[in-house]
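Engineer: Structure file structure-v5.txt (compact mmCIF, N, CA and C atoms) right here:
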# COMPACT_ATOMS: atom_id res chain seq x y z
N GLN A 19 2.86 -8.44 -19.35
CA GLN A 19 2.78 -7.06 -18.89
C GLN A 19 2.51 -7.04 -17.39
N VAL A 20 3.38 -6.36 -16.66
CA VAL A 20 3.23 -6.27 -15.22
C VAL A 20 2.14 -5.27 -14.88
N GLN A 21 1.23 -5.70 -14.01
CA GLN A 21 0.15 -4.80 -13.59
C GLN A 21 -0.08 -4.91 -12.09
N LEU A 22 -0.33 -3.76 -11.48
CA LEU A 22 -0.81 -3.69 -10.10
C LEU A 22 -2.14 -2.95 -10.16
N VAL A 23 -3.20 -3.57 -9.68
CA VAL A 23 -4.52 -2.97 -9.75
C VAL A 23 -5.10 -2.84 -8.35
N GLU A 24 -5.30 -1.59 -7.94
CA GLU A 24 -5.87 -1.32 -6.62
C GLU A 24 -7.39 -1.29 -6.69
N SER A 25 -8.01 -1.64 -5.58
CA SER A 25 -9.46 -1.56 -5.46
C SER A 25 -9.83 -1.38 -3.99
N GLY A 26 -11.09 -1.04 -3.75
CA GLY A 26 -11.57 -0.93 -2.38
C GLY A 26 -11.71 0.48 -1.85
N GLY A 27 -11.29 1.46 -2.64
CA GLY A 27 -11.44 2.83 -2.20
C GLY A 27 -12.89 3.27 -2.22
N GLY A 28 -13.14 4.45 -1.67
CA GLY A 28 -14.50 4.98 -1.66
C GLY A 28 -14.64 6.14 -0.70
N LEU A 29 -15.89 6.48 -0.44
CA LEU A 29 -16.24 7.57 0.46
C LEU A 29 -16.70 6.97 1.79
N VAL A 30 -16.12 7.45 2.88
CA VAL A 30 -16.46 6.93 4.21
C VAL A 30 -16.46 8.08 5.20
N GLN A 31 -17.25 7.97 6.23
CA GLN A 31 -17.27 8.99 7.27
C GLN A 31 -16.07 8.81 8.21
N ALA A 32 -15.69 9.89 8.83
CA ALA A 32 -14.60 9.83 9.82
C ALA A 32 -14.94 8.79 10.88
N GLY A 33 -13.93 8.01 11.25
CA GLY A 33 -14.13 6.92 12.20
C GLY A 33 -14.44 5.59 11.55
N GLY A 34 -14.72 5.62 10.27
CA GLY A 34 -15.07 4.39 9.55
C GLY A 34 -13.85 3.62 9.09
N SER A 35 -14.12 2.55 8.34
CA SER A 35 -13.06 1.65 7.88
C SER A 35 -13.19 1.37 6.40
N LEU A 36 -12.06 1.07 5.79
CA LEU A 36 -12.01 0.58 4.42
C LEU A 36 -10.90 -0.44 4.32
N ARG A 37 -11.04 -1.36 3.37
CA ARG A 37 -9.98 -2.32 3.09
C ARG A 37 -9.60 -2.21 1.62
N LEU A 38 -8.37 -1.81 1.39
CA LEU A 38 -7.85 -1.73 0.03
C LEU A 38 -7.19 -3.05 -0.35
N SER A 39 -7.30 -3.37 -1.62
CA SER A 39 -6.63 -4.55 -2.17
C SER A 39 -5.78 -4.14 -3.36
N CYS A 40 -4.71 -4.87 -3.58
CA CYS A 40 -3.85 -4.65 -4.73
C CYS A 40 -3.55 -6.00 -5.34
N ALA A 41 -4.07 -6.24 -6.53
CA ALA A 41 -3.86 -7.50 -7.22
C ALA A 41 -2.74 -7.34 -8.25
N ALA A 42 -1.74 -8.21 -8.15
CA ALA A 42 -0.59 -8.14 -9.04
C ALA A 42 -0.67 -9.22 -10.10
N SER A 43 -0.23 -8.88 -11.29
CA SER A 43 -0.23 -9.85 -12.38
C SER A 43 0.93 -9.57 -13.32
N GLY A 44 1.26 -10.54 -14.16
CA GLY A 44 2.31 -10.37 -15.14
C GLY A 44 3.64 -10.93 -14.70
N ARG A 45 3.80 -11.19 -13.44
CA ARG A 45 5.00 -11.84 -12.91
C ARG A 45 4.67 -12.31 -11.50
N THR A 46 5.57 -13.07 -10.90
CA THR A 46 5.37 -13.54 -9.53
C THR A 46 5.91 -12.50 -8.56
N PHE A 47 5.08 -12.10 -7.64
CA PHE A 47 5.45 -11.06 -6.69
C PHE A 47 5.80 -11.62 -5.32
N SER A 48 5.87 -12.94 -5.24
CA SER A 48 6.06 -13.55 -3.91
C SER A 48 7.41 -13.24 -3.29
N ARG A 49 8.38 -12.77 -4.10
CA ARG A 49 9.69 -12.37 -3.53
C ARG A 49 9.87 -10.85 -3.58
N ASP A 50 8.79 -10.14 -3.77
CA ASP A 50 8.84 -8.68 -3.83
C ASP A 50 8.33 -8.08 -2.53
N ALA A 51 8.99 -7.02 -2.08
CA ALA A 51 8.40 -6.21 -1.03
C ALA A 51 7.26 -5.41 -1.66
N MET A 52 6.21 -5.17 -0.86
CA MET A 52 5.06 -4.42 -1.36
C MET A 52 4.79 -3.24 -0.45
N GLY A 53 4.34 -2.15 -1.06
CA GLY A 53 4.08 -0.96 -0.26
C GLY A 53 2.81 -0.25 -0.69
N TRP A 54 2.32 0.58 0.22
CA TRP A 54 1.21 1.48 -0.06
C TRP A 54 1.70 2.91 0.17
N PHE A 55 1.34 3.76 -0.77
CA PHE A 55 1.64 5.19 -0.70
C PHE A 55 0.35 5.95 -0.96
N ARG A 56 0.37 7.23 -0.64
CA ARG A 56 -0.81 8.05 -0.93
C ARG A 56 -0.38 9.45 -1.34
N GLN A 57 -1.28 10.09 -2.08
CA GLN A 57 -1.01 11.45 -2.53
C GLN A 57 -2.28 12.26 -2.50
N ALA A 58 -2.26 13.31 -1.71
CA ALA A 58 -3.39 14.23 -1.63
C ALA A 58 -3.17 15.36 -2.62
N PRO A 59 -4.22 16.04 -3.06
CA PRO A 59 -4.07 17.13 -4.02
C PRO A 59 -3.09 18.19 -3.53
N GLY A 60 -2.16 18.56 -4.38
CA GLY A 60 -1.19 19.59 -4.04
C GLY A 60 -0.07 19.15 -3.14
N LYS A 61 -0.02 17.86 -2.82
CA LYS A 61 1.03 17.35 -1.94
C LYS A 61 1.83 16.27 -2.64
N GLU A 62 3.01 16.00 -2.09
CA GLU A 62 3.85 14.94 -2.64
C GLU A 62 3.33 13.57 -2.21
N ARG A 63 3.69 12.58 -2.99
CA ARG A 63 3.34 11.21 -2.64
C ARG A 63 4.08 10.83 -1.36
N GLU A 64 3.36 10.21 -0.43
CA GLU A 64 3.98 9.87 0.84
C GLU A 64 3.77 8.39 1.19
N PHE A 65 4.71 7.88 1.95
CA PHE A 65 4.70 6.49 2.38
C PHE A 65 3.57 6.26 3.39
N VAL A 66 2.91 5.11 3.27
CA VAL A 66 1.89 4.71 4.22
C VAL A 66 2.31 3.44 4.97
N ALA A 67 2.61 2.38 4.21
CA ALA A 67 2.95 1.11 4.85
C ALA A 67 3.68 0.22 3.85
N ALA A 68 4.48 -0.70 4.37
CA ALA A 68 5.18 -1.66 3.52
C ALA A 68 5.27 -3.00 4.23
N ILE A 69 5.44 -4.06 3.43
CA ILE A 69 5.56 -5.40 3.99
C ILE A 69 6.60 -6.17 3.20
N SER A 70 7.44 -6.90 3.91
CA SER A 70 8.47 -7.72 3.26
C SER A 70 7.82 -8.88 2.51
N TRP A 71 8.60 -9.50 1.60
CA TRP A 71 8.00 -10.59 0.82
C TRP A 71 7.60 -11.75 1.71
N SER A 72 8.32 -11.93 2.81
CA SER A 72 8.00 -13.02 3.72
C SER A 72 6.76 -12.72 4.56
N GLY A 73 6.40 -11.44 4.63
CA GLY A 73 5.30 -11.03 5.49
C GLY A 73 5.73 -10.85 6.94
N GLY A 74 6.99 -11.15 7.22
CA GLY A 74 7.45 -11.11 8.60
C GLY A 74 7.83 -9.74 9.11
N ASN A 75 7.99 -8.79 8.20
CA ASN A 75 8.37 -7.44 8.60
C ASN A 75 7.43 -6.44 7.97
N THR A 76 6.92 -5.53 8.80
CA THR A 76 6.07 -4.46 8.31
C THR A 76 6.62 -3.12 8.77
N ASN A 77 6.22 -2.10 8.06
CA ASN A 77 6.74 -0.76 8.30
C ASN A 77 5.59 0.21 8.08
N TYR A 78 5.40 1.16 8.99
CA TYR A 78 4.28 2.09 8.88
C TYR A 78 4.73 3.52 9.08
N ALA A 79 4.05 4.41 8.40
CA ALA A 79 4.23 5.84 8.69
C ALA A 79 3.65 6.12 10.07
N ASP A 80 4.25 7.07 10.77
CA ASP A 80 3.78 7.40 12.12
C ASP A 80 2.31 7.80 12.12
N SER A 81 1.88 8.46 11.05
CA SER A 81 0.52 8.99 10.99
C SER A 81 -0.55 7.90 10.93
N VAL A 82 -0.16 6.66 10.59
CA VAL A 82 -1.15 5.59 10.45
C VAL A 82 -0.93 4.44 11.43
N LYS A 83 0.14 4.49 12.19
CA LYS A 83 0.42 3.41 13.14
C LYS A 83 -0.73 3.23 14.11
N GLY A 84 -1.09 1.97 14.32
CA GLY A 84 -2.19 1.66 15.23
C GLY A 84 -3.56 1.73 14.58
N ARG A 85 -3.63 2.28 13.37
CA ARG A 85 -4.92 2.40 12.67
C ARG A 85 -4.96 1.55 11.40
N PHE A 86 -3.84 1.46 10.71
CA PHE A 86 -3.76 0.74 9.43
C PHE A 86 -2.96 -0.54 9.62
N THR A 87 -3.33 -1.57 8.86
CA THR A 87 -2.61 -2.84 8.88
C THR A 87 -2.39 -3.33 7.46
N ILE A 88 -1.14 -3.60 7.12
CA ILE A 88 -0.81 -4.14 5.81
C ILE A 88 -0.63 -5.65 5.94
N SER A 89 -1.09 -6.38 4.92
CA SER A 89 -0.93 -7.83 4.91
C SER A 89 -0.84 -8.28 3.46
N ARG A 90 -0.47 -9.55 3.26
CA ARG A 90 -0.36 -10.05 1.90
C ARG A 90 -0.72 -11.53 1.85
N ASP A 91 -1.15 -11.95 0.67
CA ASP A 91 -1.42 -13.35 0.39
C ASP A 91 -0.64 -13.69 -0.87
N ASN A 92 0.51 -14.31 -0.70
CA ASN A 92 1.37 -14.59 -1.85
C ASN A 92 0.74 -15.59 -2.82
N ALA A 93 -0.08 -16.46 -2.32
CA ALA A 93 -0.75 -17.42 -3.19
C ALA A 93 -1.70 -16.72 -4.15
N LYS A 94 -2.23 -15.58 -3.72
CA LYS A 94 -3.16 -14.81 -4.55
C LYS A 94 -2.50 -13.61 -5.20
N ASN A 95 -1.20 -13.43 -4.97
CA ASN A 95 -0.49 -12.27 -5.53
C ASN A 95 -1.21 -10.97 -5.16
N THR A 96 -1.64 -10.87 -3.93
CA THR A 96 -2.44 -9.74 -3.49
C THR A 96 -1.92 -9.19 -2.16
N VAL A 97 -1.93 -7.87 -2.07
CA VAL A 97 -1.59 -7.20 -0.82
C VAL A 97 -2.78 -6.36 -0.38
N TYR A 98 -2.96 -6.22 0.92
CA TYR A 98 -4.12 -5.54 1.47
C TYR A 98 -3.68 -4.40 2.39
N LEU A 99 -4.57 -3.43 2.54
CA LEU A 99 -4.38 -2.38 3.53
C LEU A 99 -5.71 -2.19 4.25
N GLN A 100 -5.78 -2.65 5.49
CA GLN A 100 -6.96 -2.45 6.32
C GLN A 100 -6.81 -1.10 7.02
N MET A 101 -7.77 -0.22 6.79
CA MET A 101 -7.71 1.13 7.34
C MET A 101 -8.88 1.33 8.29
N ASN A 102 -8.57 1.53 9.56
CA ASN A 102 -9.58 1.76 10.59
C ASN A 102 -9.44 3.17 11.17
N SER A 103 -10.48 3.60 11.85
CA SER A 103 -10.47 4.93 12.50
C SER A 103 -10.01 6.00 11.52
N LEU A 104 -10.60 6.00 10.36
CA LEU A 104 -10.18 6.93 9.31
C LEU A 104 -10.46 8.37 9.69
N LYS A 105 -9.57 9.25 9.23
CA LYS A 105 -9.66 10.67 9.51
C LYS A 105 -9.74 11.43 8.19
N PRO A 106 -10.29 12.64 8.20
CA PRO A 106 -10.34 13.42 6.96
C PRO A 106 -8.96 13.61 6.33
N GLU A 107 -7.92 13.68 7.14
CA GLU A 107 -6.57 13.86 6.60
C GLU A 107 -6.03 12.61 5.91
N ASP A 108 -6.76 11.51 5.99
CA ASP A 108 -6.39 10.30 5.24
C ASP A 108 -6.88 10.35 3.79
N THR A 109 -7.65 11.37 3.46
CA THR A 109 -8.16 11.51 2.10
C THR A 109 -7.02 11.67 1.12
N ALA A 110 -6.98 10.80 0.12
CA ALA A 110 -5.90 10.82 -0.86
C ALA A 110 -6.15 9.75 -1.91
N LEU A 111 -5.33 9.78 -2.93
CA LEU A 111 -5.27 8.69 -3.90
C LEU A 111 -4.23 7.70 -3.38
N TYR A 112 -4.62 6.46 -3.20
CA TYR A 112 -3.75 5.46 -2.61
C TYR A 112 -3.18 4.56 -3.70
N TYR A 113 -1.86 4.41 -3.67
CA TYR A 113 -1.14 3.63 -4.67
C TYR A 113 -0.49 2.40 -4.04
N CYS A 114 -0.50 1.33 -4.81
CA CYS A 114 0.21 0.12 -4.45
C CYS A 114 1.52 0.10 -5.25
N ALA A 115 2.58 -0.45 -4.65
CA ALA A 115 3.87 -0.52 -5.33
C ALA A 115 4.59 -1.81 -4.97
N ALA A 116 5.47 -2.25 -5.88
CA ALA A 116 6.24 -3.48 -5.67
C ALA A 116 7.72 -3.22 -5.88
N LYS A 117 8.51 -3.79 -4.97
CA LYS A 117 9.98 -3.72 -5.06
C LYS A 117 10.47 -5.11 -5.46
N ARG A 118 11.09 -5.21 -6.64
CA ARG A 118 11.53 -6.50 -7.19
C ARG A 118 12.57 -7.18 -6.32
N SER A 119 12.38 -8.49 -6.13
CA SER A 119 13.41 -9.35 -5.54
C SER A 119 14.04 -8.72 -4.30
N ALA A 120 13.20 -8.38 -3.37
CA ALA A 120 13.66 -7.71 -2.15
C ALA A 120 14.25 -8.73 -1.18
N GLY A 121 15.02 -8.23 -0.23
CA GLY A 121 15.56 -9.07 0.82
C GLY A 121 14.46 -9.61 1.72
N TYR A 122 14.78 -10.64 2.48
CA TYR A 122 13.80 -11.36 3.28
C TYR A 122 12.97 -10.45 4.18
N SER A 123 13.62 -9.46 4.80
CA SER A 123 12.93 -8.59 5.75
C SER A 123 12.79 -7.16 5.26
N TYR A 124 13.00 -6.96 3.98
CA TYR A 124 13.05 -5.59 3.45
C TYR A 124 11.65 -5.05 3.23
N ALA A 125 11.35 -3.91 3.82
CA ALA A 125 10.05 -3.26 3.69
C ALA A 125 10.29 -1.76 3.57
N PRO A 126 10.72 -1.31 2.38
CA PRO A 126 11.19 0.07 2.24
C PRO A 126 10.09 1.11 2.26
N ALA A 127 10.49 2.34 2.61
CA ALA A 127 9.53 3.44 2.75
C ALA A 127 9.71 4.54 1.72
N SER A 128 10.70 4.41 0.85
CA SER A 128 10.95 5.47 -0.13
C SER A 128 10.34 5.12 -1.47
N THR A 129 9.77 6.12 -2.13
CA THR A 129 9.20 5.88 -3.46
C THR A 129 10.25 5.40 -4.44
N THR A 130 11.47 5.83 -4.26
CA THR A 130 12.53 5.48 -5.21
C THR A 130 12.98 4.03 -5.10
N ASP A 131 12.55 3.35 -4.04
CA ASP A 131 12.91 1.94 -3.87
C ASP A 131 12.04 1.00 -4.70
N TYR A 132 10.92 1.49 -5.20
CA TYR A 132 9.94 0.63 -5.83
C TYR A 132 10.03 0.65 -7.35
N ASP A 133 9.75 -0.52 -7.94
CA ASP A 133 9.91 -0.70 -9.38
C ASP A 133 8.60 -0.65 -10.16
N TYR A 134 7.50 -1.04 -9.53
CA TYR A 134 6.21 -1.08 -10.21
C TYR A 134 5.17 -0.33 -9.38
N TRP A 135 4.25 0.31 -10.10
CA TRP A 135 3.21 1.11 -9.45
C TRP A 135 1.86 0.84 -10.08
N GLY A 136 0.82 0.90 -9.25
CA GLY A 136 -0.54 0.85 -9.75
C GLY A 136 -1.04 2.23 -10.11
N GLN A 137 -2.30 2.29 -10.54
CA GLN A 137 -2.90 3.55 -10.96
C GLN A 137 -3.56 4.30 -9.82
N GLY A 138 -3.80 3.62 -8.72
CA GLY A 138 -4.36 4.29 -7.55
C GLY A 138 -5.85 4.07 -7.38
N THR A 139 -6.29 4.18 -6.13
CA THR A 139 -7.70 4.12 -5.79
C THR A 139 -7.99 5.26 -4.81
N GLN A 140 -9.08 5.97 -5.04
CA GLN A 140 -9.38 7.16 -4.26
C GLN A 140 -10.04 6.79 -2.93
N VAL A 141 -9.54 7.40 -1.87
CA VAL A 141 -10.14 7.28 -0.55
C VAL A 141 -10.52 8.68 -0.10
N THR A 142 -11.79 8.87 0.23
CA THR A 142 -12.27 10.16 0.70
C THR A 142 -12.96 9.96 2.04
N VAL A 143 -12.50 10.70 3.04
CA VAL A 143 -13.04 10.60 4.38
C VAL A 143 -13.73 11.92 4.72
N SER A 144 -15.02 11.86 4.97
CA SER A 144 -15.77 13.08 5.29
C SER A 144 -15.83 13.28 6.80
N SER A 145 -15.88 14.54 7.18
CA SER A 145 -15.89 14.87 8.62
C SER A 145 -17.30 14.93 9.16
Could you write out this file's structure as structure tokens?
Structural biologist:
Amino acid sequence: QVQLVESGGGLVQAGGSLRLSCAASGRTFSRDAMGWFRQAPGKEREFVAAISWSGGNTNYADSVKGRFTISRDNAKNTVYLQMNSLKPEDTALYYCAAKRSAGYSYAPASTTDYDYWGQGTQVTVSS
């Protein structure tokens, strides 16, 4: 059974930092592109960041560029999202996703590109 399990969310003050983790199991994800998305109440799910299976290509939403960093450890089947300088508008449920057998540099930004999804971890940023 394929599973993506997010962790690391919580409540933080504006300007603070959090590090999200996504542990994958049930298959090898080392050739999968991985992404982070988020969804705030009443809003559509939106792209945050993605990383190619090689780790050599990353892609970020404009709203998080310079503040968030995506990385992965293929040996641990884990992807991370380091979030710095958090803002109240970053408050959302954060989801991890995997794109099967992606190209070497492929780091897609569309929800429809991804095959597997986690259940999400809540991030709340207070002002």
Engineer: Select from region 74-130 of chain A every residue with an atom at most 9 Å from any atom of region 19-31 of chain A, then for each give the shortest pair of atoms and their distance in Å to one decimal, using only C-alpha atoms, rows by chain and rising number, as CSV.
Structural biologist:
residue,atom,partner,partner_atom,distance
A:Leu104,CA,A:Gln31,CA,7.7
A:Lys105,CA,A:Gln31,CA,8.1
A:Pro106,CA,A:Gln31,CA,8.2
A:Leu111,CA,A:Gly27,CA,8.7
A:Tyr112,CA,A:Gly27,CA,8.1
A:Tyr113,CA,A:Glu24,CA,7.1
A:Cys114,CA,A:Glu24,CA,6.6
A:Ala115,CA,A:Leu22,CA,7.4
A:Ala116,CA,A:Leu22,CA,8.3
Engineer: Scan for residues within 12 Å of the point (-1.2, -6.9, -8.7) in the coordinates of the file, using only C-alpha atoms, and reply as a ChimeraX atom specification.
Structural biologist: /A:19-25,39-48,50,52-53,90-98,113-116,134-138
Engineer: May I ask which of the residues A:Arg63, A:Arg37, A:Arg49, A:Lys83 is the closest one to Ser123 (chain A), counting only C-alpha atoms?
Structural biologist: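 Of all the options, A:Arg49 lies closest to Ser123 (chain A).
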Engineer: Counting only C-alpha atoms, figure out which residue out of A:Ala32, A:Ala58, A:Ile69, A:Val82 gets nearest to Gly121 (chain A).
Structural biologist: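 Nearest candidate to Gly121 (chain A) out of A:Ala32, A:Ala58, A:Ile69, A:Val82: A:Ile69.
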Engineer: Quick check, in Å to one decimal: how far apart do atom N of Asp133 (chain A) and atom C of Thr109 (chain A) lie?
Structural biologist: 22.6 Å
Engineer: Hey, can you check how far CA of Val66 (chain A) sits from atom N of Ser119 (chain A)?
Structural biologist: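 Pair CA of Val66 (chain A) / atom N of Ser119 (chain A) returns 19.8 Å.
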Engineer: When distances are computed from only C-alpha atoms, which of A:Gly84, A:Tyr78, A:Trp54, A:Gln140 shows the smallest separation from Lys117 (chain A)?
Structural biologist: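 When distances to Lys117 (chain A) are compared using only C-alpha atoms, the smallest one comes from A:Trp54.
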Engineer: As an exercise, work out the distance from CA of Leu36 (chain A) to CA of Arg85 (chain A) in Å and give it to one decimal place.
Structural biologist: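 Rounded to one decimal, the two atoms are 11.0 Å apart.
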Engineer: Have a look at A:Ser103, A:Ser35, A:Tyr124, A:Lys61 and name the one nearest to Asn77 (chain A); count all atoms listed in the file.
Structural biologist: A:Tyr124
Engineer: My list of candidates is A:Ala125, A:Ala79, A:Val143, A:Ala68. Which is closest to Glu107 (chain A) when distances are computed with all atoms listed in the file?
Structural biologist: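 Under the stated criterion, the closest residue is A:Val143.
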Engineer: Choose the residue, out of A:Pro126, A:Gly73, A:Phe55, A:Glu64, that has the smallest atom-to-atom separation from Ser89 (chain A); count only N, CA and C atoms.
Structural biologist: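 Among the listed residues, the smallest separation from Ser89 (chain A) belongs to A:Gly73.
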Engineer: Taking the DSSP assignment computed from this structure's backbone, write out as number ranges by chain all residues of chain A that belong to helix (DSSP H, G or I).
Structural biologist: A: 92-94, 106-108, 129-131
Engineer: Could you write out, as a compact mmCIF listing (two decimals) with N, CA and C atoms, in the coordinates of the input, all the residues of region 45-115 of chain A that DSSP marks as strand (DSSP E)?
Structural biologist:
# COMPACT_ATOMS: atom_id res chain seq x y z
N ALA A 51 8.99 -7.02 -2.08
CA ALA A 51 8.40 -6.21 -1.03
C ALA A 51 7.26 -5.41 -1.66
N MET A 52 6.21 -5.17 -0.86
CA MET A 52 5.06 -4.42 -1.36
C MET A 52 4.79 -3.24 -0.45
N GLY A 53 4.34 -2.15 -1.06
CA GLY A 53 4.08 -0.96 -0.26
C GLY A 53 2.81 -0.25 -0.69
N TRP A 54 2.32 0.58 0.22
CA TRP A 54 1.21 1.48 -0.06
C TRP A 54 1.70 2.91 0.17
N PHE A 55 1.34 3.76 -0.77
CA PHE A 55 1.64 5.19 -0.70
C PHE A 55 0.35 5.95 -0.96
N ARG A 56 0.37 7.23 -0.64
CA ARG A 56 -0.81 8.05 -0.93
C ARG A 56 -0.38 9.45 -1.34
N GLN A 57 -1.28 10.09 -2.08
CA GLN A 57 -1.01 11.45 -2.53
C GLN A 57 -2.28 12.26 -2.50
N GLU A 64 3.36 10.21 -0.43
CA GLU A 64 3.98 9.87 0.84
C GLU A 64 3.77 8.39 1.19
N PHE A 65 4.71 7.88 1.95
CA PHE A 65 4.70 6.49 2.38
C PHE A 65 3.57 6.26 3.39
N VAL A 66 2.91 5.11 3.27
CA VAL A 66 1.89 4.71 4.22
C VAL A 66 2.31 3.44 4.97
N ALA A 67 2.61 2.38 4.21
CA ALA A 67 2.95 1.11 4.85
C ALA A 67 3.68 0.22 3.85
N ALA A 68 4.48 -0.70 4.37
CA ALA A 68 5.18 -1.66 3.52
C ALA A 68 5.27 -3.00 4.23
N ILE A 69 5.44 -4.06 3.43
CA ILE A 69 5.56 -5.40 3.99
C ILE A 69 6.60 -6.17 3.20
N THR A 76 6.92 -5.53 8.80
CA THR A 76 6.07 -4.46 8.31
C THR A 76 6.62 -3.12 8.77
N ASN A 77 6.22 -2.10 8.06
CA ASN A 77 6.74 -0.76 8.30
C ASN A 77 5.59 0.21 8.08
N TYR A 78 5.40 1.16 8.99
CA TYR A 78 4.28 2.09 8.88
C TYR A 78 4.73 3.52 9.08
N PHE A 86 -3.84 1.46 10.71
CA PHE A 86 -3.76 0.74 9.43
C PHE A 86 -2.96 -0.54 9.62
N THR A 87 -3.33 -1.57 8.86
CA THR A 87 -2.61 -2.84 8.88
C THR A 87 -2.39 -3.33 7.46
N ILE A 88 -1.14 -3.60 7.12
CA ILE A 88 -0.81 -4.14 5.81
C ILE A 88 -0.63 -5.65 5.94
N SER A 89 -1.09 -6.38 4.92
CA SER A 89 -0.93 -7.83 4.91
C SER A 89 -0.84 -8.28 3.46
N ARG A 90 -0.47 -9.55 3.26
CA ARG A 90 -0.36 -10.05 1.90
C ARG A 90 -0.72 -11.53 1.85
N ASP A 91 -1.15 -11.95 0.67
CA ASP A 91 -1.42 -13.35 0.39
C ASP A 91 -0.64 -13.69 -0.87
N THR A 96 -1.64 -10.87 -3.93
CA THR A 96 -2.44 -9.74 -3.49
C THR A 96 -1.92 -9.19 -2.16
N VAL A 97 -1.93 -7.87 -2.07
CA VAL A 97 -1.59 -7.20 -0.82
C VAL A 97 -2.78 -6.36 -0.38
N TYR A 98 -2.96 -6.22 0.92
CA TYR A 98 -4.12 -5.54 1.47
C TYR A 98 -3.68 -4.40 2.39
N LEU A 99 -4.57 -3.43 2.54
CA LEU A 99 -4.38 -2.38 3.53
C LEU A 99 -5.71 -2.19 4.25
N GLN A 100 -5.78 -2.65 5.49
CA GLN A 100 -6.96 -2.45 6.32
C GLN A 100 -6.81 -1.10 7.02
N MET A 101 -7.77 -0.22 6.79
CA MET A 101 -7.71 1.13 7.34
C MET A 101 -8.88 1.33 8.29
N ALA A 110 -6.98 10.80 0.12
CA ALA A 110 -5.90 10.82 -0.86
C ALA A 110 -6.15 9.75 -1.91
N LEU A 111 -5.33 9.78 -2.93
CA LEU A 111 -5.27 8.69 -3.90
C LEU A 111 -4.23 7.70 -3.38
N TYR A 112 -4.62 6.46 -3.20
CA TYR A 112 -3.75 5.46 -2.61
C TYR A 112 -3.18 4.56 -3.70
N TYR A 113 -1.86 4.41 -3.67
CA TYR A 113 -1.14 3.63 -4.67
C TYR A 113 -0.49 2.40 -4.04
N CYS A 114 -0.50 1.33 -4.81
CA CYS A 114 0.21 0.12 -4.45
C CYS A 114 1.52 0.10 -5.25
N ALA A 115 2.58 -0.45 -4.65
CA ALA A 115 3.87 -0.52 -5.33
C ALA A 115 4.59 -1.81 -4.97
